[in-house]
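Below is protein.txt, holding compact mmCIF, C-alpha atoms.
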# COMPACT_ATOMS: atom_id res chain seq x y z
CA MET A 213 143.23 106.81 92.78
CA SER A 214 142.57 110.55 93.17
CA LYS A 215 141.46 112.67 90.21
CA ILE A 216 141.85 116.35 89.34
CA ALA A 217 141.50 118.25 86.08
CA THR A 218 144.70 119.81 84.80
CA ARG A 219 142.87 123.16 84.55
CA GLU A 220 142.10 122.90 88.28
CA ALA A 221 145.75 122.21 89.03
CA TYR A 222 146.68 125.17 86.84
CA GLY A 223 144.50 127.55 88.86
CA LYS A 224 145.97 126.35 92.15
CA ALA A 225 149.51 126.54 90.77
CA LEU A 226 148.99 130.15 89.66
CA VAL A 227 148.10 131.18 93.20
CA LYS A 228 151.27 129.57 94.57
CA LEU A 229 153.31 131.11 91.78
CA GLY A 230 151.83 134.55 92.40
CA LYS A 231 153.09 134.45 95.96
CA MET A 232 156.58 133.44 94.83
CA ASN A 233 156.93 135.86 91.91
CA ASP A 234 155.53 139.40 91.90
CA ASP A 235 156.13 139.69 88.14
CA VAL A 236 153.54 137.03 87.30
CA VAL A 237 150.35 138.47 85.79
CA VAL A 238 147.33 136.59 84.49
CA LEU A 239 145.05 137.52 81.61
CA ASP A 240 141.79 135.84 80.58
CA ALA A 241 139.17 136.21 77.85
CA ASP A 242 136.07 136.28 80.04
CA LEU A 243 136.29 132.58 80.94
CA SER A 244 138.10 132.74 84.28
CA LYS A 245 135.61 130.51 86.10
CA SER A 246 136.14 127.80 83.50
CA THR A 247 139.89 128.20 83.01
CA LYS A 248 140.29 128.47 86.81
CA THR A 249 142.29 131.69 86.58
CA ASN A 250 139.66 133.14 88.92
CA ASP A 251 141.70 131.52 91.71
CA PHE A 252 144.47 134.00 90.89
CA LEU A 253 141.94 136.83 90.55
CA LYS A 254 140.73 136.27 94.12
CA ALA A 255 144.28 136.19 95.50
CA TYR A 256 145.85 138.96 93.41
CA PRO A 257 143.11 141.17 91.89
CA ASN A 258 145.58 143.89 90.89
CA ARG A 259 147.57 141.44 88.76
CA PHE A 260 144.61 139.90 86.94
CA PHE A 261 143.18 141.32 83.70
CA ASN A 262 139.94 140.26 82.05
CA MET A 263 140.33 141.21 78.39
CA GLY A 264 136.75 140.27 77.46
CA ILE A 265 135.76 138.02 74.59
CA ALA A 266 138.65 139.32 72.49
CA GLU A 267 141.32 136.63 72.14
CA GLN A 268 143.59 138.58 69.81
CA ASN A 269 143.59 141.45 72.29
CA LEU A 270 144.27 138.95 75.10
CA VAL A 271 147.47 137.76 73.45
CA GLY A 272 148.48 141.24 72.28
CA ALA A 273 148.18 142.64 75.81
CA ALA A 274 150.20 139.70 77.13
CA CYS A 275 152.94 140.69 74.69
CA GLY A 276 152.97 144.17 76.18
CA PHE A 277 153.36 142.80 79.68
CA ALA A 278 156.21 140.53 78.52
CA ALA A 279 157.96 143.43 76.79
CA ALA A 280 157.72 145.35 80.09
CA GLY A 281 159.44 142.52 81.99
CA LYS A 282 156.42 140.77 83.44
CA VAL A 283 155.64 137.03 83.16
CA PRO A 284 152.16 136.85 81.61
CA PHE A 285 149.95 133.75 81.56
CA ALA A 286 147.16 134.22 79.00
CA SER A 287 144.22 131.82 79.20
CA THR A 288 141.09 130.90 77.29
CA PHE A 289 139.78 127.73 75.66
CA ALA A 290 142.28 125.99 73.36
CA MET A 291 139.97 126.39 70.37
CA PHE A 292 139.98 130.18 70.71
CA ALA A 293 143.58 130.59 71.86
CA THR A 294 145.12 128.74 68.93
CA GLY A 295 142.42 129.41 66.34
CA ARG A 296 141.20 132.96 66.78
CA ALA A 297 144.54 134.34 68.03
CA PHE A 298 146.90 132.33 65.80
CA GLU A 299 148.29 135.25 63.81
CA VAL A 300 148.97 137.30 66.95
CA ILE A 301 150.73 134.34 68.56
CA ARG A 302 152.82 133.87 65.43
CA ASN A 303 153.77 137.47 64.71
CA SER A 304 153.61 139.18 68.10
CA VAL A 305 154.68 136.40 70.49
CA CYS A 306 156.92 133.98 68.61
CA TYR A 307 158.48 136.19 65.94
CA PRO A 308 160.05 138.54 68.57
CA LYS A 309 160.35 135.56 70.97
CA LEU A 310 158.48 137.24 73.82
CA ASN A 311 158.10 135.59 77.21
CA VAL A 312 154.36 134.84 76.92
CA LYS A 313 152.73 131.68 78.28
CA ILE A 314 149.56 130.61 76.48
CA ALA A 315 147.81 128.32 78.98
CA ALA A 316 144.83 126.99 77.07
CA THR A 317 142.17 124.87 78.75
CA HIS A 318 139.33 122.68 77.43
CA ALA A 319 141.53 121.03 74.80
CA GLY A 320 140.51 117.86 72.98
CA ILE A 321 137.20 116.00 72.81
CA THR A 322 136.83 115.64 76.59
CA VAL A 323 135.33 119.14 76.50
CA GLY A 324 132.28 116.91 76.04
CA GLU A 325 128.83 118.36 75.53
CA ASP A 326 130.10 121.68 74.10
CA GLY A 327 130.58 119.77 70.86
CA GLY A 328 132.87 119.86 67.83
CA SER A 329 133.00 123.66 67.54
CA HIS A 330 134.70 123.87 70.94
CA GLN A 331 136.79 120.70 70.80
CA SER A 332 140.27 121.65 69.65
CA VAL A 333 141.93 118.65 68.01
CA GLU A 334 144.46 120.59 65.95
CA ASP A 335 146.02 122.95 68.49
CA ILE A 336 149.25 121.00 69.07
CA SER A 337 149.81 120.86 65.32
CA LEU A 338 149.27 124.62 64.98
CA MET A 339 151.48 125.59 67.91
CA ARG A 340 154.41 123.25 67.25
CA SER A 341 154.65 124.50 63.67
CA ILE A 342 155.54 128.04 64.82
CA PRO A 343 159.26 128.79 65.26
CA ASN A 344 160.36 129.59 68.85
CA MET A 345 157.25 128.00 70.41
CA THR A 346 157.62 125.35 73.14
CA VAL A 347 154.64 122.98 73.48
CA VAL A 348 153.83 121.01 76.64
CA VAL A 349 150.94 118.74 77.71
CA PRO A 350 150.63 117.51 81.33
CA ALA A 351 149.43 113.98 82.07
CA ASP A 352 147.93 114.79 85.49
CA GLY A 353 147.44 117.51 88.07
CA ILE A 354 150.84 117.10 89.69
CA GLU A 355 152.65 117.38 86.37
CA ALA A 356 150.48 120.38 85.47
CA GLU A 357 151.59 122.24 88.60
CA LYS A 358 155.26 121.40 88.03
CA MET A 359 154.84 122.53 84.43
CA ILE A 360 153.46 125.93 85.44
CA PHE A 361 156.39 126.54 87.77
CA ALA A 362 158.82 125.49 85.00
CA ALA A 363 157.04 127.74 82.50
CA ALA A 364 157.51 130.75 84.77
CA GLU A 365 161.25 130.06 84.94
CA PHE A 366 161.55 129.43 81.21
CA ASP A 367 162.31 132.48 79.04
CA GLY A 368 160.33 132.34 75.82
CA PRO A 369 156.96 131.54 74.24
CA MET A 370 155.19 128.46 75.58
CA TYR A 371 151.90 126.72 74.82
CA ILE A 372 150.50 124.73 77.76
CA ARG A 373 147.62 122.41 76.83
CA LEU A 374 145.15 121.77 79.64
CA GLY A 375 141.94 119.74 79.93
CA ARG A 376 138.44 120.16 81.27
CA SER A 377 137.78 116.71 82.77
CA ALA A 378 139.30 115.25 85.93
CA VAL A 379 142.09 112.75 85.24
CA PRO A 380 143.72 110.13 87.51
CA THR A 381 146.82 111.20 89.42
CA ILE A 382 149.83 109.32 88.05
CA PHE A 383 152.81 111.00 89.68
CA GLU A 384 153.97 111.46 93.25
CA GLU A 385 154.53 114.93 94.71
CA ASP A 386 158.32 114.58 94.31
CA TYR A 387 158.01 114.06 90.52
CA ASN A 388 160.52 116.16 88.59
CA PHE A 389 159.24 117.68 85.36
CA GLU A 390 161.85 118.90 82.89
CA ILE A 391 161.07 120.74 79.66
CA GLY A 392 162.17 118.70 76.65
CA LYS A 393 162.42 115.38 78.49
CA GLY A 394 160.13 112.37 78.27
CA VAL A 395 159.78 109.91 81.16
CA VAL A 396 159.72 106.11 80.99
CA LEU A 397 156.86 104.99 83.24
CA ARG A 398 156.95 101.30 82.39
CA ASP A 399 159.77 99.27 80.86
CA GLY A 400 159.37 96.71 78.10
CA ASN A 401 161.16 95.37 75.05
CA ASP A 402 158.37 94.28 72.68
CA ALA A 403 156.76 97.62 71.79
CA THR A 404 156.78 101.22 72.99
CA ILE A 405 153.68 103.29 73.73
CA ILE A 406 154.41 107.04 73.66
CA ALA A 407 151.55 109.11 75.03
CA CYS A 408 150.71 112.59 76.25
CA GLY A 409 147.94 114.18 78.29
CA ILE A 410 144.96 112.05 79.29
CA MET A 411 146.22 109.19 77.11
CA VAL A 412 149.16 108.49 79.44
CA ASN A 413 146.86 106.79 81.93
CA GLU A 414 145.24 104.82 79.10
CA ALA A 415 148.72 103.77 77.95
CA LEU A 416 149.51 102.39 81.42
CA ILE A 417 146.24 100.44 81.46
CA ALA A 418 147.01 99.14 77.96
CA ALA A 419 150.46 97.98 79.09
CA ASP A 420 148.84 95.97 81.89
CA MET A 421 146.39 94.41 79.42
CA LEU A 422 149.21 93.53 77.02
CA LYS A 423 151.26 91.95 79.81
CA GLU A 424 148.47 89.45 80.35
CA GLU A 425 149.12 88.32 76.77
CA ASN A 426 152.89 88.15 77.31
CA ILE A 427 153.56 91.38 75.42
CA ASN A 428 155.89 93.69 77.34
CA ALA A 429 155.21 97.30 76.42
CA ARG A 430 157.38 100.25 77.35
CA VAL A 431 155.34 103.35 78.28
CA ILE A 432 156.71 106.85 77.81
CA ASN A 433 155.07 110.06 78.99
CA MET A 434 156.04 112.59 76.32
CA SER A 435 154.81 115.74 78.04
CA THR A 436 156.96 118.04 75.92
CA ILE A 437 155.90 117.84 72.28
CA LYS A 438 158.36 120.53 71.23
CA PRO A 439 161.31 120.32 71.63
CA ILE A 440 160.65 116.57 71.65
CA ASP A 441 162.97 114.13 73.41
CA THR A 442 164.65 112.67 70.32
CA ASP A 443 167.17 110.61 72.30
CA LEU A 444 164.44 108.78 74.21
CA ILE A 445 162.47 108.10 71.01
CA ILE A 446 165.51 106.78 69.14
CA LYS A 447 166.42 104.56 72.09
CA ALA A 448 162.89 103.10 72.04
CA ALA A 449 163.07 102.61 68.27
CA LYS A 450 166.31 100.66 68.64
CA GLU A 451 165.27 98.58 71.64
CA THR A 452 161.65 97.68 70.78
CA LYS A 453 159.96 96.31 67.65
CA ALA A 454 157.33 99.01 67.11
CA ILE A 455 156.00 102.30 68.46
CA VAL A 456 152.39 103.29 69.10
CA THR A 457 151.56 106.92 69.90
CA ALA A 458 148.44 107.97 71.79
CA GLU A 459 147.03 111.49 72.00
CA GLU A 460 143.71 113.30 72.44
CA HIS A 461 144.40 115.20 69.23
CA SER A 462 144.40 114.69 65.49
CA VAL A 463 146.82 112.07 64.17
CA ILE A 464 147.91 114.82 61.77
CA GLY A 465 150.60 117.15 63.10
CA GLY A 466 150.57 116.20 66.77
CA LEU A 467 152.54 113.79 68.95
CA GLY A 468 152.28 110.94 66.45
CA SER A 469 153.64 113.08 63.65
CA ALA A 470 156.46 114.42 65.83
CA VAL A 471 157.53 110.90 66.82
CA SER A 472 157.29 109.69 63.20
CA GLU A 473 159.52 112.54 62.06
CA VAL A 474 162.23 111.53 64.54
CA VAL A 475 162.01 107.81 63.80
CA SER A 476 161.96 108.16 60.01
CA GLU A 477 165.19 110.16 60.02
CA SER A 478 167.08 108.13 62.60
CA ASN A 479 165.92 104.54 63.04
CA PRO A 480 162.89 103.66 60.89
CA ILE A 481 160.44 101.19 62.45
CA ILE A 482 156.65 100.84 62.39
CA VAL A 483 154.80 103.75 64.06
CA LYS A 484 151.03 103.42 64.58
CA LYS A 485 148.91 106.29 65.85
CA VAL A 486 145.95 106.39 68.23
CA GLY A 487 144.17 109.73 67.97
CA MET A 488 141.46 111.60 66.11
CA ASN A 489 141.50 110.29 62.54
CA ASP A 490 141.15 113.53 60.54
CA CYS A 491 137.70 114.32 61.91
CA PHE A 492 135.86 116.72 64.20
CA GLY A 493 134.32 115.69 67.50
CA GLU A 494 130.68 116.03 68.52
CA SER A 495 128.54 116.57 71.59
CA GLY A 496 128.54 113.80 74.20
CA THR A 497 129.99 112.85 77.55
CA PRO A 498 133.79 112.55 77.65
CA SER A 499 133.64 108.77 78.17
CA GLU A 500 131.19 108.31 75.28
CA LEU A 501 133.39 110.36 72.97
CA LEU A 502 136.64 108.64 73.94
CA GLU A 503 134.99 105.29 73.22
CA LYS A 504 133.45 106.40 69.92
CA TYR A 505 136.63 107.96 68.56
CA GLY A 506 138.90 105.15 69.70
CA LEU A 507 140.88 106.88 72.43
CA THR A 508 140.95 104.09 75.01
CA ALA A 509 143.36 101.52 76.40
CA LYS A 510 141.60 98.88 74.31
CA ASN A 511 142.38 100.82 71.12
CA ILE A 512 146.02 101.15 72.14
CA VAL A 513 146.22 97.39 72.70
CA GLU A 514 144.78 96.76 69.25
CA LYS A 515 147.31 99.10 67.64
CA VAL A 516 150.23 97.48 69.45
CA LYS A 517 149.16 94.02 68.26
CA GLU A 518 148.65 95.37 64.74
CA ALA A 519 152.12 96.92 64.77
CA LEU A 520 153.79 93.75 66.03
CA ASN A 521 152.05 91.60 63.42

Step by step, read the file and then write its structure as structure tokens.
Amino acid sequence: MSKIATREAYGKALVKLGKMNDDVVVLDADLSKSTKTNDFLKAYPNRFFNMGIAEQNLVGAACGFAAAGKVPFASTFAMFATGRAFEVIRNSVCYPKLNVKIAATHAGITVGEDGGSHQSVEDISLMRSIPNMTVVVPADGIEAEKMIFAAAEFDGPMYIRLGRSAVPTIFEEDYNFEIGKGVVLRDGNDATIIACGIMVNEALIAADMLKEENINARVINMSTIKPIDTDLIIKAAKETKAIVTAEEHSVIGGLGSAVSEVVSESNPIIVKKVGMNDCFGESGTPSELLEKYGLTAKNIVEKVKEALN
């Protein structure tokens, strides 16, 4: 199975998008080699703007481009995009509903050795709480590319959460990504696993492990966290006995919380969450950290069994 980081796919998608749409501009906060926006810089130097280590200015300038009719993609690490620039995103992007795309890379604990200070585990929670903001998280490189094209067509603020580490390719090239729609990747009637980002692959592995124990798990890729696919969640709540969510993010305010909100108001059943349990990360390799903090297929299996019992 091939692997590519979603940030790598983002950089390649920007180059393709730049050729298709002259209004696309890209801004970065002095991290273009890491965010992969340097691919766009090489292809379209006159439409790339390095704003320096000044994240609030990065987002503010993107607002100016949007107000002038351009389609700006503003990139830096997720920790700095959603933390340092939060107030500008809230008041200058979302309040006037400007067409700014915040494409933040290095999200979650798979940032690895950079440690807890750089591992954003609260960014989904922050972004989905802001009115007018759409929040998306690709599961692999193919979905990331489709997502970037969809973001350029979409009119309004969007937060795109991207990762540092290479992830297995799940989808075929003809995969159709649609904002606001989840996708059933595996059918089952015992329990439902709803995952996003790197945890989608873990969810598929978990479903295979559960099948060996005669537990049939449905797997849903919920790549849009906001607006979330309420119909698909309610259908799963009605047709299966329990739901387990899986995300490389805090269990507070992210995918698990969003799913719980839908279920509790419509068709209450047990919802268990796999994610960061109200804690910061630390320095280590991605695989070491995923194991230590319980973000693996094995942990999903345990939660499913717990939910069914």

Please provide the set of residues having any atom within 9 Å of Lys282 in chain A, restricted to all atoms listed in the file, with same-chain residues fewer than 5 positions apart removed, written as a CSV table (one decimal) with C-alpha atoms, keeping the file's coordinate frame.
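Listing of out-v3.csv after writing:
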chain,number,residue,atom,x,y,z
A,234,ASP,CA,155.5,139.4,91.9
A,235,ASP,CA,156.1,139.7,88.1
A,236,VAL,CA,153.5,137.0,87.3
A,237,VAL,CA,150.4,138.5,85.8
A,274,ALA,CA,150.2,139.7,77.1
A,276,GLY,CA,153.0,144.2,76.2
A,277,PHE,CA,153.4,142.8,79.7
A,311,ASN,CA,158.1,135.6,77.2

Nearby residues, (134.0, 116.1, 64.8) file frame, 9 Å, only C-alpha atoms, as a PyMOL selection string
chain A and resi 321+327-329+331+333+488+490-495

Pick from A:Ser214, A:Asp240, A:Phe285, A:Thr249, whichever lies nearest to Gly264 in chain A using only C-alpha atoms:
A:Asp240

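Contact shell of Ala454 in chain A at 8 Å (all atoms listed in the file; same-chain neighbours under 4 positions omitted): Asp402, Ala403, Thr404, Ala449, Ile481, Ile482, Val483, Val516, Ala519 and Leu520 of chain A.
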
Starting from the point (142.1, 125.0, 79.6), work out which residues of protein, DNA or RNA have an atom no more than 6 Å away when counting only C-alpha atoms; state them as a list in words.
Arg219, Thr247, Phe289, Ala316, Thr317, His318, Leu374 and Gly375 of chain A
